[in-house]
file data31.txt (compact mmCIF, C-alpha atoms and all ligand atoms)
# COMPACT_ATOMS: atom_id res chain seq x y z
CA MET A 1 77.16 96.87 -27.04
CA ARG A 2 77.13 95.51 -30.58
CA LYS A 3 78.86 97.94 -32.89
CA ASN A 4 80.20 97.90 -36.41
CA ILE A 5 83.94 97.89 -36.06
CA LEU A 6 86.78 98.21 -38.51
CA ALA A 7 90.00 97.20 -36.79
CA ALA A 8 93.52 97.41 -38.19
CA ASN A 9 96.17 94.93 -37.10
CA TRP A 10 99.42 96.34 -38.38
CA LYS A 11 101.33 93.35 -36.97
CA MET A 12 105.13 93.92 -36.85
CA ASN A 13 105.17 96.56 -39.56
CA THR A 14 106.07 100.25 -39.84
CA SER A 15 108.78 102.32 -38.23
CA ALA A 16 107.59 104.94 -35.76
CA SER A 17 107.52 107.68 -38.39
CA GLU A 18 105.82 105.47 -40.97
CA GLY A 19 103.26 104.40 -38.38
CA LEU A 20 102.54 107.97 -37.36
CA ALA A 21 102.06 108.99 -40.99
CA LEU A 22 99.77 106.02 -41.66
CA PHE A 23 97.73 106.72 -38.54
CA ASN A 24 97.31 110.37 -39.42
CA GLU A 25 96.25 109.52 -42.97
CA VAL A 26 93.61 107.11 -41.69
CA LYS A 27 92.45 109.58 -39.07
CA SER A 28 92.07 112.44 -41.50
CA GLY A 29 90.16 110.27 -43.99
CA TRP A 30 87.90 108.65 -41.40
CA ASN A 31 84.34 109.91 -41.45
CA ALA A 32 82.88 109.90 -37.98
CA ASP A 33 79.61 107.99 -37.85
CA PRO A 34 77.01 110.40 -36.46
CA GLY A 35 75.19 107.55 -34.70
CA GLY A 36 78.43 106.31 -33.12
CA ASN A 37 77.70 102.80 -34.41
CA LEU A 38 80.80 102.49 -36.56
CA ILE A 39 84.15 102.69 -34.86
CA CYS A 40 87.75 102.32 -35.95
CA ILE A 41 90.34 100.53 -33.85
CA ILE A 42 94.00 100.74 -34.81
CA ALA A 43 96.46 98.22 -33.36
CA PRO A 44 99.94 99.49 -34.20
CA PRO A 45 103.13 97.98 -32.77
CA SER A 46 103.06 98.84 -29.06
CA THR A 47 106.14 101.08 -29.44
CA HIS A 48 103.97 103.46 -31.47
CA LEU A 49 101.02 103.76 -29.09
CA SER A 50 102.31 106.76 -27.20
CA LEU A 51 103.00 108.60 -30.47
CA ILE A 52 99.54 108.38 -31.92
CA ASN A 53 96.43 110.07 -30.61
CA ALA A 54 93.20 108.18 -30.56
CA ASP A 55 90.16 110.36 -31.10
CA SER A 56 87.08 108.94 -29.44
CA GLU A 57 84.99 111.89 -30.63
CA LYS A 58 85.68 110.71 -34.15
CA GLY A 59 85.21 107.07 -33.18
CA ILE A 60 88.91 106.21 -33.48
CA TYR A 61 90.52 104.07 -30.78
CA CYS A 62 93.82 102.29 -30.30
CA ALA A 63 94.66 98.74 -29.34
CA GLY A 64 97.59 96.60 -28.33
CA GLN A 65 98.28 93.50 -30.42
CA ASN A 66 98.93 91.34 -27.38
CA CYS A 67 99.40 91.68 -23.63
CA SER A 68 100.93 89.73 -20.80
CA ASP A 69 98.73 87.81 -18.41
CA GLN A 70 100.67 89.56 -15.60
CA ASP A 71 100.35 93.22 -14.61
CA ASN A 72 104.03 93.85 -13.81
CA GLY A 73 107.18 92.17 -12.54
CA ALA A 74 110.18 90.21 -13.78
CA TYR A 75 108.87 89.21 -17.21
CA THR A 76 111.55 90.49 -19.57
CA GLY A 77 110.20 91.64 -22.90
CA GLU A 78 106.55 91.45 -21.95
CA ILE A 79 104.07 94.33 -22.09
CA SER A 80 101.16 94.43 -19.68
CA ALA A 81 97.60 95.59 -20.08
CA VAL A 82 98.37 98.27 -17.48
CA MET A 83 101.10 99.64 -19.75
CA LEU A 84 98.94 99.55 -22.87
CA LYS A 85 96.22 101.41 -21.03
CA SER A 86 98.74 103.99 -19.81
CA VAL A 87 99.66 104.91 -23.40
CA GLY A 88 96.12 105.33 -24.65
CA ALA A 89 94.97 101.87 -25.70
CA ASP A 90 91.35 100.97 -25.00
CA PHE A 91 91.41 97.56 -26.66
CA VAL A 92 93.82 94.64 -26.98
CA ILE A 93 93.94 91.79 -29.47
CA ILE A 94 94.24 88.45 -27.69
CA GLY A 95 94.80 85.03 -29.19
CA HIS A 96 95.68 86.06 -32.72
CA SER A 97 96.53 82.93 -34.70
CA GLU A 98 100.13 84.12 -35.08
CA ARG A 99 100.41 84.25 -31.27
CA ARG A 100 98.84 80.81 -31.09
CA SER A 101 100.97 79.15 -33.77
CA ILE A 102 104.31 80.98 -33.70
CA PHE A 103 104.48 81.71 -29.98
CA GLY A 104 102.63 78.62 -28.77
CA GLU A 105 99.92 80.48 -26.85
CA LYS A 106 97.25 78.09 -25.64
CA ASN A 107 93.69 78.78 -24.56
CA ASN A 108 94.52 78.56 -20.84
CA LEU A 109 97.11 81.36 -21.19
CA LEU A 110 94.74 83.36 -23.39
CA LYS A 111 92.07 83.08 -20.74
CA ARG A 112 94.45 84.71 -18.24
CA LYS A 113 95.30 87.41 -20.79
CA VAL A 114 91.60 88.13 -21.25
CA ASP A 115 91.32 88.48 -17.47
CA ALA A 116 94.35 90.79 -17.36
CA ALA A 117 92.84 92.99 -20.06
CA ILE A 118 89.47 93.28 -18.35
CA ARG A 119 91.01 93.76 -14.91
CA ASN A 120 92.85 96.77 -16.31
CA GLY A 121 90.04 98.35 -18.26
CA LEU A 122 90.88 97.14 -21.77
CA PHE A 123 88.30 95.57 -24.07
CA PRO A 124 89.63 92.27 -25.45
CA ILE A 125 89.38 91.49 -29.16
CA TYR A 126 89.51 87.72 -28.86
CA CYS A 127 90.56 85.85 -32.00
CA CYS A 128 89.43 82.41 -32.96
CA GLY A 129 89.60 80.37 -36.15
CA GLU A 130 90.44 77.01 -37.55
CA GLN A 131 93.43 75.83 -39.58
CA GLN A 132 92.99 74.62 -43.14
CA GLY A 133 93.25 70.91 -42.23
CA GLU A 134 90.68 71.35 -39.49
CA ARG A 135 88.22 72.78 -42.01
CA GLU A 136 89.03 70.06 -44.52
CA ASP A 137 88.18 67.52 -41.81
CA GLY A 138 84.94 69.37 -41.04
CA ASN A 139 86.10 70.25 -37.53
CA GLN A 140 85.97 74.03 -37.80
CA GLU A 141 83.00 74.44 -35.47
CA ASP A 142 84.48 72.22 -32.76
CA VAL A 143 87.77 74.13 -32.94
CA VAL A 144 86.13 77.53 -32.65
CA ARG A 145 83.77 76.34 -29.92
CA GLY A 146 86.80 75.08 -27.92
CA GLN A 147 88.68 78.35 -28.35
CA LEU A 148 85.69 80.34 -27.13
CA GLN A 149 84.88 77.92 -24.33
CA GLU A 150 88.39 77.79 -22.93
CA GLY A 151 89.39 81.41 -23.45
CA LEU A 152 86.20 83.34 -22.79
CA PHE A 153 83.30 81.49 -21.26
CA HIS A 154 84.62 81.68 -17.71
CA LEU A 155 83.69 85.39 -17.83
CA SER A 156 80.64 86.72 -16.05
CA ALA A 157 77.90 88.01 -18.34
CA GLU A 158 78.92 91.55 -17.44
CA ASP A 159 82.55 90.99 -18.40
CA PHE A 160 81.67 89.01 -21.51
CA GLY A 161 79.82 92.13 -22.64
CA LYS A 162 83.23 93.84 -22.93
CA VAL A 163 84.55 91.29 -25.45
CA ILE A 164 84.72 91.60 -29.22
CA VAL A 165 85.11 88.29 -31.04
CA ALA A 166 87.18 88.12 -34.25
CA TYR A 167 86.77 85.06 -36.45
CA GLU A 168 89.95 84.64 -38.46
CA PRO A 169 90.24 81.36 -40.34
CA VAL A 170 93.98 80.66 -40.29
CA TRP A 171 94.01 79.54 -43.92
CA ALA A 172 92.70 82.96 -44.97
CA ILE A 173 95.24 85.09 -43.10
CA GLY A 174 97.74 86.76 -45.40
CA THR A 175 97.06 84.18 -48.12
CA GLY A 176 94.65 86.07 -50.36
CA MET A 177 92.27 83.13 -49.82
CA THR A 178 89.28 84.86 -48.21
CA ALA A 179 86.46 82.89 -46.65
CA THR A 180 83.43 83.08 -48.89
CA PRO A 181 80.65 85.32 -47.58
CA GLU A 182 78.65 82.12 -46.93
CA GLN A 183 81.48 80.55 -44.91
CA ALA A 184 81.89 83.74 -42.88
CA GLN A 185 78.15 84.08 -42.21
CA GLU A 186 77.87 80.41 -41.26
CA MET A 187 80.66 80.63 -38.71
CA HIS A 188 79.58 83.99 -37.31
CA SER A 189 76.08 82.68 -36.80
CA PHE A 190 77.53 79.58 -35.14
CA ILE A 191 79.62 81.79 -32.83
CA ARG A 192 76.45 83.63 -31.81
CA THR A 193 74.73 80.31 -31.15
CA VAL A 194 77.55 79.15 -28.89
CA ILE A 195 77.47 82.46 -27.01
CA GLU A 196 73.74 82.07 -26.57
CA GLU A 197 74.20 78.54 -25.21
CA ASN A 198 76.65 79.83 -22.61
CA TYR A 199 74.99 83.13 -21.78
CA ASN A 200 71.71 84.11 -23.41
CA LYS A 201 70.25 85.36 -26.67
CA GLU A 202 70.42 89.00 -25.71
CA ILE A 203 74.14 88.77 -25.00
CA ALA A 204 74.71 86.78 -28.20
CA MET A 205 72.91 89.43 -30.24
CA ASP A 206 74.79 92.18 -28.46
CA THR A 207 78.30 90.85 -29.24
CA SER A 208 80.31 92.31 -32.11
CA VAL A 209 81.76 89.52 -34.26
CA LEU A 210 84.41 90.61 -36.77
CA TYR A 211 85.82 88.75 -39.75
CA GLY A 212 89.55 88.68 -40.51
CA GLY A 213 91.56 87.03 -43.27
CA SER A 214 92.49 88.62 -46.60
CA CYS A 215 89.71 91.16 -46.36
CA ASN A 216 90.28 93.88 -48.95
CA PRO A 217 88.40 96.59 -50.86
CA ALA A 218 87.31 94.06 -53.49
CA ASN A 219 85.64 91.57 -51.15
CA ALA A 220 84.59 93.76 -48.21
CA ASN A 221 81.10 94.58 -49.55
CA ASP A 222 80.15 90.92 -49.86
CA LEU A 223 81.58 89.96 -46.48
CA PHE A 224 79.94 92.84 -44.60
CA ALA A 225 76.57 92.27 -46.28
CA ASN A 226 76.07 89.27 -43.96
CA GLU A 227 73.87 89.97 -40.99
CA ASP A 228 76.21 88.36 -38.46
CA VAL A 229 79.40 90.01 -39.75
CA ASP A 230 79.78 93.22 -37.76
CA GLY A 231 83.04 94.38 -39.27
CA GLY A 232 86.59 93.32 -39.94
CA LEU A 233 90.02 92.82 -38.44
CA ILE A 234 92.26 93.83 -41.28
CA GLY A 235 95.93 92.90 -41.68
CA GLY A 236 97.72 93.61 -44.97
CA ALA A 237 95.12 96.04 -46.34
CA SER A 238 95.28 98.12 -43.16
CA LEU A 239 98.83 99.18 -44.04
CA ILE A 240 97.53 101.17 -47.01
CA ALA A 241 95.36 104.02 -45.76
CA GLY A 242 93.36 104.25 -49.00
CA ASP A 243 92.49 100.54 -48.92
CA PHE A 244 91.56 100.63 -45.25
CA LEU A 245 89.33 103.67 -45.77
CA GLN A 246 87.73 102.01 -48.77
CA ILE A 247 86.93 98.97 -46.62
CA ALA A 248 85.46 101.38 -44.05
CA LYS A 249 83.13 102.73 -46.74
CA SER A 250 81.93 99.19 -47.46
CA LEU A 251 81.24 98.64 -43.80
CA SER A 252 79.49 101.96 -43.45
CA SER A 253 77.24 101.29 -46.44
CA SER A 254 76.34 97.84 -45.08
CA ILE A 255 74.77 99.38 -42.00
CA PRO A 256 71.00 99.42 -42.50
P1 LIG A 301 95.33 89.75 -43.55
O1 LIG A 301 94.23 90.77 -43.71
O2 LIG A 301 96.66 90.22 -43.99
O3 LIG A 301 94.94 88.41 -44.13
O4 LIG A 301 95.49 89.51 -41.97
C1 LIG A 301 94.37 89.29 -41.22
C2 LIG A 301 94.77 89.31 -39.80
O5 LIG A 301 95.52 88.47 -39.35
C3 LIG A 301 94.26 90.40 -38.96
O6 LIG A 301 94.48 90.16 -37.62
call {"tool": "encode", "arguments": {"input": "data31.txt", "output": "C-alpha cells", "more": "lines below"}}
Ligand code: 13P
result
Amino acid sequence: MRKNILAANWKMNTSASEGLALFNEVKSGWNADPGGNLICIIAPPSTHLSLINADSEKGIYCAGQNCSDQDNGAYTGEISAVMLKSVGADFVIIGHSERRSIFGEKNNLLKRKVDAAIRNGLFPIYCCGEQQGEREDGNQEDVVRGQLQEGLFHLSAEDFGKVIVAYEPVWAIGTGMTATPEQAQEMHSFIRTVIEENYNKEIAMDTSVLYGGSCNPANANDLFANEDVDGGLIGGASLIAGDFLQIAKSLSSSIP
C-alpha cells in the first residue's frame, strides 16, 4: 500500500552505543501519524539491529542495508534476509548505488536479493538512479527503466506490491547537489509510468516511490511537495536526529 515513508540509511556509521542513542532520540521525537500513513524506517548497520527496538505502534520500523541472495551456508561475511528478519528488521535496502558501484552488484544479483527478501518476509526498498554522465547524455530514463526491469519486474503483481522504490540519482548522493523538485517529480512520474506498463495503473499508483540524494531540512519541503514523491531515503542528514525529525515534519505537512 502506498505510504509516506521517511527512511534513514545510516550507511557504515555509528558505534553500537552511538547508534542506540541516535535511534532513541529519533524514536522519542517521532510523532506517530494517527492515520498510519506516515512511517519511519531506520536502516542502521546490521550489527545494531538487535540492540534497537522498532515500534510498529508508533510507525517506526527497522531495515537492513543489504542482504545476501542466499538464506544460509558457506558465504563468509554475508548476512541473509533470514538473519535480518530474526533481529527485528521488516525491510531491507537492495541495490543502493554504493553496493552497485563499490561492490559491483549488478541487476541480476539484485533480482535474486529481492527474491531472498520477499521469500523471507522482508519488504525490499529497491534503489535505482542514474550517474551524472548518464544524465548529461540524456539517458537517465533508460538507465532507471533497465534497473527496474532487470531487478524487479520478474515479480508477480502480489509480490511487487511489497516493494518500495527509492530513486537516488548517484550524482546527488552525499554531494550536496540535490535533484531539483522538477527533476525528482519527472523521474518519479516516469517510474510510475514504467510500473504501469509492466503491471497496471492501480499498482503504479499504489507503490511508494522515495527520493534520496542530499535531502535535508532546507530542501525537503520542496521535494515532498511533488505528488509522486512519497518520502525520502536520507543518508547524511539521518545521522543528526534533529535534522531527520525536521525532514519528517516536512513530509508530514506535505500530506494532504
Ligand atoms: P545523502 O542523503 O547523504 O546524500 O545519501 C543519500 C543516500 O544514499 C541514502 O541511501
call {"tool": "atom_distance", "arguments": {"input": "data31.txt", "atom1": "atom O4 of ligand LIG 301 (chain A)", "atom2": "CA of Asn24 in chain A"}}
result
21.1 Å
call {"tool": "residues_near_ligand", "arguments": {"input": "data31.txt", "ligand": "ligand LIG 301 (chain A)", "cutoff": "10 Å", "atoms": "all atoms listed in the file", "output": "PyMOL selection string"}}
result
chain A and resi 7-11+43+65+93+95-98+125+127+166-178+211-216+232-239
call {"tool": "residues_around", "arguments": {"input": "data31.txt", "residues": "Ser50 in chain A", "least_positions_apart": "3", "cutoff": "10 Å", "atoms": "all atoms listed in the file", "output": "number ranges by chain"}}
result
A: 46-47, 53-54, 84, 86-89
call {"tool": "atom_distance", "arguments": {"input": "data31.txt", "atom1": "CA of Lys85 in chain A", "atom2": "CA of Ala117 in chain A"}}
result
9.1 Å
call {"tool": "closest_atom_pairs", "arguments": {"input": "data31.txt", "of": "range 113-230 of chain A", "to": "range 71-83 of chain A", "cutoff": "12 Å", "atoms": "only C-alpha atoms", "output": "CSV"}}
result
residue,atom,partner,partner_atom,distance
A:Lys113,CA,A:Ala81,CA,8.5
A:Val114,CA,A:Ala81,CA,9.6
A:Asp115,CA,A:Ala81,CA,9.8
A:Ala116,CA,A:Ala81,CA,6.4
A:Ala117,CA,A:Ala81,CA,5.4
A:Ile118,CA,A:Ala81,CA,8.6
A:Arg119,CA,A:Ala81,CA,8.6
A:Asn120,CA,A:Val82,CA,5.8
A:Gly121,CA,A:Ala81,CA,8.3
A:Leu122,CA,A:Ala81,CA,7.1
A:Phe123,CA,A:Ala81,CA,10.1
A:Pro124,CA,A:Ala81,CA,10.2
call {"tool": "closest_residue", "arguments": {"input": "data31.txt", "among": "A:Asn198, A:Ser208, A:Asn66, A:Ser250", "to": "Asn37 in chain A", "atoms": "all atoms listed in the file"}}
result
A:Ser208
call {"tool": "atom_distance", "arguments": {"input": "data31.txt", "atom1": "CA of Val194 in chain A", "atom2": "CA of Val165 in chain A"}}
result
12.1 Å
call {"tool": "closest_residue", "arguments": {"input": "data31.txt", "among": "A:Glu141, A:Glu134, A:Glu105, A:Asp33", "to": "Cys67 in chain A", "atoms": "only C-alpha atoms"}}
result
A:Glu105
call {"tool": "closest_residue", "arguments": {"input": "data31.txt", "among": "A:Val143, A:Val209, A:Leu152, A:Ala16", "to": "Leu109 in chain A", "atoms": "all atoms listed in the file"}}
result
A:Leu152
call {"tool": "closest_residue", "arguments": {"input": "data31.txt", "among": "A:Pro34, A:Asp206, A:Met187, A:Phe160", "to": "Asn139 in chain A", "atoms": "all atoms listed in the file"}}
result
A:Met187
call {"tool": "residues_around", "arguments": {"input": "data31.txt", "residues": "Ser254 in chain A", "least_positions_apart": "4", "cutoff": "10 Å", "atoms": "only C-alpha atoms", "output": "list of chain:residue names"}}
result
A:Asn4, A:Ala220, A:Asn221, A:Asp222, A:Leu223, A:Phe224, A:Ala225, A:Asn226, A:Glu227, A:Val229, A:Asp230, A:Gly231, A:Ala248, A:Lys249, A:Ser250
call {"tool": "closest_residue", "arguments": {"input": "data31.txt", "among": "A:Arg135, A:Lys162, A:Arg192, A:Arg112", "to": "Asp69 in chain A", "atoms": "only C-alpha atoms"}}
result
A:Arg112
call {"tool": "closest_residue", "arguments": {"input": "data31.txt", "among": "A:Glu25, A:Asp243, A:Gly35, A:Asn200", "to": "Ile255 in chain A", "atoms": "all atoms listed in the file"}}
result
A:Gly35
call {"tool": "axis_aligned_box", "arguments": {"input": "data31.txt", "around": "range 182-191 of chain A", "padding_each_side": "6 Å", "output": "AutoDock Vina command-line options"}}
result
--center_x 79.0 --center_y 81.8 --center_z -39.9 --size_x 17.8 --size_y 16.5 --size_z 26.1
call {"tool": "residues_around", "arguments": {"input": "data31.txt", "residues": "range 146-148 of chain A", "least_positions_apart": "4", "cutoff": "7 Å", "atoms": "all atoms listed in the file", "output": "list of chain:residue names"}}
result
A:Asn107, A:Cys128, A:Asp142, A:Leu152, A:Phe153
call {"tool": "residues_near_point", "arguments": {"input": "data31.txt", "point": "(76.3, 91.6, -17.6)", "cutoff": "12 Å", "atoms": "all atoms listed in the file", "output": "number ranges by chain"}}
result
A: 1, 155-163, 199-200, 202-204, 206-207
call {"tool": "build_atoms", "arguments": {"input": "data31.txt", "residues": "range 155-171 of chain A", "atoms": "N, CA and C atoms", "output": "tab-separated table (two decimals), keeping the file's coordinate frame"}}
result
chain	number	residue	atom	x	y	z
A	155	LEU	N	84.02	84.00	-18.20
A	155	LEU	CA	83.69	85.39	-17.83
A	155	LEU	C	82.24	85.51	-17.36
A	156	SER	N	82.02	86.40	-16.44
A	156	SER	CA	80.64	86.72	-16.05
A	156	SER	C	79.96	87.38	-17.25
A	157	ALA	N	78.64	87.39	-17.24
A	157	ALA	CA	77.90	88.01	-18.34
A	157	ALA	C	78.33	89.47	-18.50
A	158	GLU	N	78.54	90.13	-17.38
A	158	GLU	CA	78.92	91.55	-17.44
A	158	GLU	C	80.27	91.71	-18.15
A	159	ASP	N	81.23	90.87	-17.76
A	159	ASP	CA	82.55	90.99	-18.40
A	159	ASP	C	82.53	90.50	-19.84
A	160	PHE	N	81.73	89.48	-20.12
A	160	PHE	CA	81.67	89.01	-21.51
A	160	PHE	C	81.16	90.14	-22.42
A	161	GLY	N	80.34	91.00	-21.86
A	161	GLY	CA	79.82	92.13	-22.64
A	161	GLY	C	80.92	93.10	-23.09
A	162	LYS	N	82.12	92.95	-22.54
A	162	LYS	CA	83.23	93.84	-22.93
A	162	LYS	C	84.05	93.25	-24.08
A	163	VAL	N	83.72	92.02	-24.48
A	163	VAL	CA	84.55	91.29	-25.45
A	163	VAL	C	84.04	91.48	-26.87
A	164	ILE	N	85.00	91.65	-27.78
A	164	ILE	CA	84.72	91.60	-29.22
A	164	ILE	C	85.31	90.28	-29.70
A	165	VAL	N	84.57	89.54	-30.50
A	165	VAL	CA	85.11	88.29	-31.04
A	165	VAL	C	85.54	88.54	-32.48
A	166	ALA	N	86.73	88.04	-32.85
A	166	ALA	CA	87.18	88.12	-34.25
A	166	ALA	C	87.36	86.70	-34.77
A	167	TYR	N	86.59	86.37	-35.81
A	167	TYR	CA	86.77	85.06	-36.45
A	167	TYR	C	87.77	85.22	-37.58
A	168	GLU	N	88.91	84.55	-37.44
A	168	GLU	CA	89.95	84.64	-38.46
A	168	GLU	C	90.38	83.23	-38.85
A	169	PRO	N	89.79	82.68	-39.92
A	169	PRO	CA	90.24	81.36	-40.34
A	169	PRO	C	91.72	81.42	-40.72
A	170	VAL	N	92.52	80.55	-40.13
A	170	VAL	CA	93.98	80.66	-40.29
A	170	VAL	C	94.39	80.57	-41.75
A	171	TRP	N	93.66	79.75	-42.51
A	171	TRP	CA	94.01	79.54	-43.92
A	171	TRP	C	93.73	80.78	-44.77
